[in-house]
Amino acid sequence: MLESDRPPLAAALFDTAIGPCAMTWTEVGVVRFQLPEATPATTRTRMLRPRGVEVREAEPTGAMAEAVAGIRAHLGGALDDLRWIPLDHTGIPEFQRAVYEVTRAIDPGHTLSYGQVAARVGQPGAAQAVGQALGGNPIPLIVPCHRVLAADHALHGFSAPGGLTTKQHLLEIERTPGFGEPTLF
């Protein structure tokens with residue numbers, strides 16, 4: 001199914017410990033997730049911006065209400081891998097889906113390098129392509145692209161609002177060693 005063939009998406013803006021986030025979904029699962037922008041209105045506008053499909057605001061129910069509660073708890077410091085949240089990857093190319101699957105398996109407080117993700121999807125040497133796939137990740141946090149770092153463990157590139165500051169903050173919330181806490185070495 002092409003993105004333009006989708007039925008209307010449901011969307012909701014909701015408060016979290018780091019600010020208002022937003023999410024769109026279908027009956028299958030989450031399609032997009034939006035980390036906080038500079039203002040709640042900007043976050044809402046970005047989430048409702050049409051991309052070849054109609055988006056309507058709705059109150060999350062069932063699995064999507066549980067997803068919102070899980071995201072709020074995670075961002076509040078009660079770590080959860082969020083892998084139980086259903087996703088709808090309709091229209092996402094195979095390589096990106098594979099990258100997102102490997103990335104989603106990284107536990108909070110842990111990281112992989114772009115090269116390690118590339119090797120795990122069977123494409124050693126494709127670290128740059130992994131970076132491009134993660135740069136287009138429509139579901140950050142739930143597909144935790146912030147847990148993928150450069151080979152030198154440095155923060156490089158993060159396309160979500162707030163850029164590298166947001167990436168570092170998410171790693172700090174997840175108590176990832178080397179981010180936000182003093183280390184012995």
# chains A, B, ... in the order shown; residues from 1 in each chain; ligands from 1
call {"tool": "select_by_dssp", "arguments": {"residues": "chain A", "states": "alpha helix (DSSP H)", "output": "PyMOL selection string"}}
result
chain A and resi 40-48+62-75+94-104+114-120+127-135+163-173
call {"tool": "write_last_selection", "arguments": {"atoms": "C-alpha atoms", "output": "tab-separated table (two decimals), in the first residue's frame"}}
result
chain	number	residue	atom	x	y	z
A	40	PRO	CA	3.32	23.09	21.37
A	41	ALA	CA	1.69	24.78	18.36
A	42	THR	CA	4.71	23.98	16.19
A	43	THR	CA	4.69	20.34	17.34
A	44	ARG	CA	0.96	20.09	16.57
A	45	THR	CA	1.34	21.74	13.15
A	46	ARG	CA	4.18	19.40	12.14
A	47	MET	CA	2.19	16.34	13.21
A	48	LEU	CA	-0.92	17.42	11.32
A	62	GLY	CA	-6.76	1.07	23.55
A	63	ALA	CA	-3.20	0.26	22.47
A	64	MET	CA	-2.51	3.88	21.49
A	65	ALA	CA	-3.59	5.18	24.93
A	66	GLU	CA	-1.25	2.58	26.45
A	67	ALA	CA	1.52	3.77	24.10
A	68	VAL	CA	1.06	7.37	25.26
A	69	ALA	CA	1.20	6.25	28.91
A	70	GLY	CA	4.34	4.19	28.23
A	71	ILE	CA	6.06	7.08	26.44
A	72	ARG	CA	5.20	9.48	29.27
A	73	ALA	CA	6.55	7.04	31.87
A	74	HIS	CA	9.74	6.40	29.87
A	75	LEU	CA	10.47	10.10	29.39
A	94	GLU	CA	13.03	-2.90	3.19
A	95	PHE	CA	16.50	-1.60	4.12
A	96	GLN	CA	15.06	1.10	6.38
A	97	ARG	CA	12.68	-1.38	8.01
A	98	ALA	CA	15.66	-3.67	8.72
A	99	VAL	CA	17.63	-0.76	10.23
A	100	TYR	CA	14.64	0.22	12.37
A	101	GLU	CA	14.21	-3.38	13.57
A	102	VAL	CA	17.86	-3.61	14.69
A	103	THR	CA	17.69	-0.14	16.26
A	104	ARG	CA	14.49	-0.98	18.10
A	114	TYR	CA	26.19	3.00	12.79
A	115	GLY	CA	28.65	0.33	11.60
A	116	GLN	CA	27.35	-2.21	14.10
A	117	VAL	CA	23.78	-1.61	12.93
A	118	ALA	CA	24.94	-2.00	9.31
A	119	ALA	CA	26.61	-5.33	10.14
A	120	ARG	CA	23.49	-6.57	11.94
A	127	ALA	CA	27.21	2.81	8.06
A	128	GLN	CA	26.46	5.93	6.02
A	129	ALA	CA	23.28	4.35	4.61
A	130	VAL	CA	22.26	3.43	8.16
A	131	GLY	CA	22.77	7.07	9.17
A	132	GLN	CA	20.59	8.22	6.27
A	133	ALA	CA	17.88	5.70	7.19
A	134	LEU	CA	17.91	6.84	10.81
A	135	GLY	CA	17.91	10.49	9.70
A	163	GLY	CA	19.31	18.10	17.33
A	164	LEU	CA	22.24	16.79	19.34
A	165	THR	CA	21.01	18.45	22.54
A	166	THR	CA	17.84	16.36	22.36
A	167	LYS	CA	19.84	13.20	21.55
A	168	GLN	CA	22.09	13.76	24.57
A	169	HIS	CA	19.09	14.51	26.81
A	170	LEU	CA	17.36	11.27	25.77
A	171	LEU	CA	20.55	9.31	26.51
A	172	GLU	CA	20.77	11.03	29.91
A	173	ILE	CA	17.13	10.12	30.72
call {"tool": "closest_residue", "arguments": {"among": "A:Leu87, A:Leu141, A:Ile18, A:Ala11", "to": "Val31 of chain A", "atoms": "only C-alpha atoms"}}
result
A:Leu87
call {"tool": "residues_around", "arguments": {"residues": "Pro36 of chain A", "least_positions_apart": "2", "cutoff": "6 Å", "atoms": "only C-alpha atoms", "output": "tab-separated table (two decimals) with all heavy atoms, in the first residue's frame"}}
result
chain	number	residue	atom	x	y	z
A	19	GLY	N	8.30	17.85	27.44
A	19	GLY	CA	7.49	18.78	26.66
A	19	GLY	C	6.45	18.04	25.84
A	19	GLY	O	6.38	16.80	25.89
A	20	PRO	N	5.64	18.79	25.09
A	20	PRO	CA	4.57	18.15	24.32
A	20	PRO	C	5.10	17.35	23.14
A	20	PRO	O	5.86	17.86	22.32
A	20	PRO	CB	3.70	19.31	23.85
A	20	PRO	CG	4.47	20.54	24.11
A	20	PRO	CD	5.60	20.23	25.02
A	21	CYS	N	4.72	16.09	23.09
A	21	CYS	CA	5.05	15.21	21.98
A	21	CYS	C	3.77	14.96	21.19
A	21	CYS	O	2.67	15.29	21.65
A	21	CYS	CB	5.59	13.87	22.50
A	21	CYS	SG	7.21	13.99	23.28
A	43	THR	N	4.74	21.81	17.30
A	43	THR	CA	4.69	20.34	17.34
A	43	THR	C	3.38	19.86	16.72
A	43	THR	O	3.36	18.95	15.89
A	43	THR	CB	4.80	19.84	18.80
A	43	THR	OG1	6.00	20.34	19.37
A	43	THR	CG2	4.80	18.32	18.86
call {"tool": "atom_distance", "arguments": {"atom1": "atom CA of Arg83 of chain A", "atom2": "atom CA of Pro177 of chain A"}}
result
21.4 Å
call {"tool": "select_by_dssp", "arguments": {"residues": "chain A", "states": "strand (DSSP E)", "output": "PyMOL selection string"}}
result
chain A and resi 9-14+21-25+30-34+55-57+112-113+148-149
call {"tool": "atom_distance", "arguments": {"atom1": "atom CA of Glu174 of chain A", "atom2": "atom CA of Met23 of chain A"}}
result
20.7 Å
call {"tool": "atom_distance", "arguments": {"atom1": "atom CA of Glu27 of chain A", "atom2": "atom CA of Cys145 of chain A"}}
result
24.1 Å
call {"tool": "decode", "arguments": {"residues": "segment 27-51 of chain A", "atoms": "N, CA and C atoms", "output": "CSV table (one decimal), in the first residue's frame"}}
result
chain,number,residue,atom,x,y,z
A,27,GLU,N,-5.0,1.8,12.5
A,27,GLU,CA,-5.5,0.7,13.2
A,27,GLU,C,-4.4,-0.4,13.4
A,28,VAL,N,-3.3,-0.3,12.6
A,28,VAL,CA,-2.2,-1.2,12.7
A,28,VAL,C,-1.2,-0.8,13.8
A,29,GLY,N,-0.9,0.5,13.9
A,29,GLY,CA,0.1,1.0,14.9
A,29,GLY,C,0.6,2.4,14.6
A,30,VAL,N,1.6,2.8,15.3
A,30,VAL,CA,2.1,4.1,15.2
A,30,VAL,C,2.8,4.3,13.8
A,31,VAL,N,2.5,5.4,13.2
A,31,VAL,CA,3.1,5.8,11.9
A,31,VAL,C,4.2,6.8,12.1
A,32,ARG,N,3.9,7.8,12.9
A,32,ARG,CA,4.9,8.9,13.2
A,32,ARG,C,4.9,9.3,14.6
A,33,PHE,N,6.0,9.7,15.1
A,33,PHE,CA,6.1,10.2,16.5
A,33,PHE,C,6.9,11.5,16.4
A,34,GLN,N,6.5,12.5,17.1
A,34,GLN,CA,7.1,13.8,17.1
A,34,GLN,C,7.6,14.2,18.5
A,35,LEU,N,8.9,14.4,18.6
A,35,LEU,CA,9.5,15.0,19.8
A,35,LEU,C,9.1,16.5,19.9
A,36,PRO,N,9.2,17.1,21.1
A,36,PRO,CA,8.8,18.5,21.2
A,36,PRO,C,9.6,19.4,20.3
A,37,GLU,N,8.8,20.3,19.7
A,37,GLU,CA,9.4,21.4,18.9
A,37,GLU,C,9.5,22.6,19.9
A,38,ALA,N,9.8,23.8,19.4
A,38,ALA,CA,10.0,25.0,20.2
A,38,ALA,C,8.7,25.4,20.9
A,39,THR,N,7.6,25.1,20.3
A,39,THR,CA,6.3,25.4,21.0
A,39,THR,C,5.3,24.3,20.7
A,40,PRO,N,4.3,24.1,21.6
A,40,PRO,CA,3.3,23.1,21.4
A,40,PRO,C,2.6,23.3,20.0
A,41,ALA,N,2.4,24.5,19.6
A,41,ALA,CA,1.7,24.8,18.4
A,41,ALA,C,2.5,24.3,17.2
A,42,THR,N,3.8,24.5,17.3
A,42,THR,CA,4.7,24.0,16.2
A,42,THR,C,4.7,22.5,16.1
A,43,THR,N,4.7,21.8,17.3
A,43,THR,CA,4.7,20.3,17.3
A,43,THR,C,3.4,19.9,16.7
A,44,ARG,N,2.3,20.5,17.1
A,44,ARG,CA,1.0,20.1,16.6
A,44,ARG,C,0.9,20.3,15.1
A,45,THR,N,1.4,21.4,14.6
A,45,THR,CA,1.3,21.7,13.1
A,45,THR,C,2.1,20.7,12.4
A,46,ARG,N,3.3,20.4,12.9
A,46,ARG,CA,4.2,19.4,12.1
A,46,ARG,C,3.5,18.0,12.1
A,47,MET,N,2.8,17.7,13.2
A,47,MET,CA,2.2,16.3,13.2
A,47,MET,C,1.0,16.3,12.3
A,48,LEU,N,0.3,17.4,12.2
A,48,LEU,CA,-0.9,17.4,11.3
A,48,LEU,C,-0.6,17.8,9.9
A,49,ARG,N,0.6,18.1,9.6
A,49,ARG,CA,1.0,18.5,8.2
A,49,ARG,C,0.7,17.3,7.3
A,50,PRO,N,0.0,17.6,6.3
A,50,PRO,CA,-0.3,16.4,5.3
A,50,PRO,C,0.9,16.0,4.6
A,51,ARG,N,1.0,14.7,4.4
A,51,ARG,CA,2.1,14.1,3.6
A,51,ARG,C,1.4,13.1,2.6
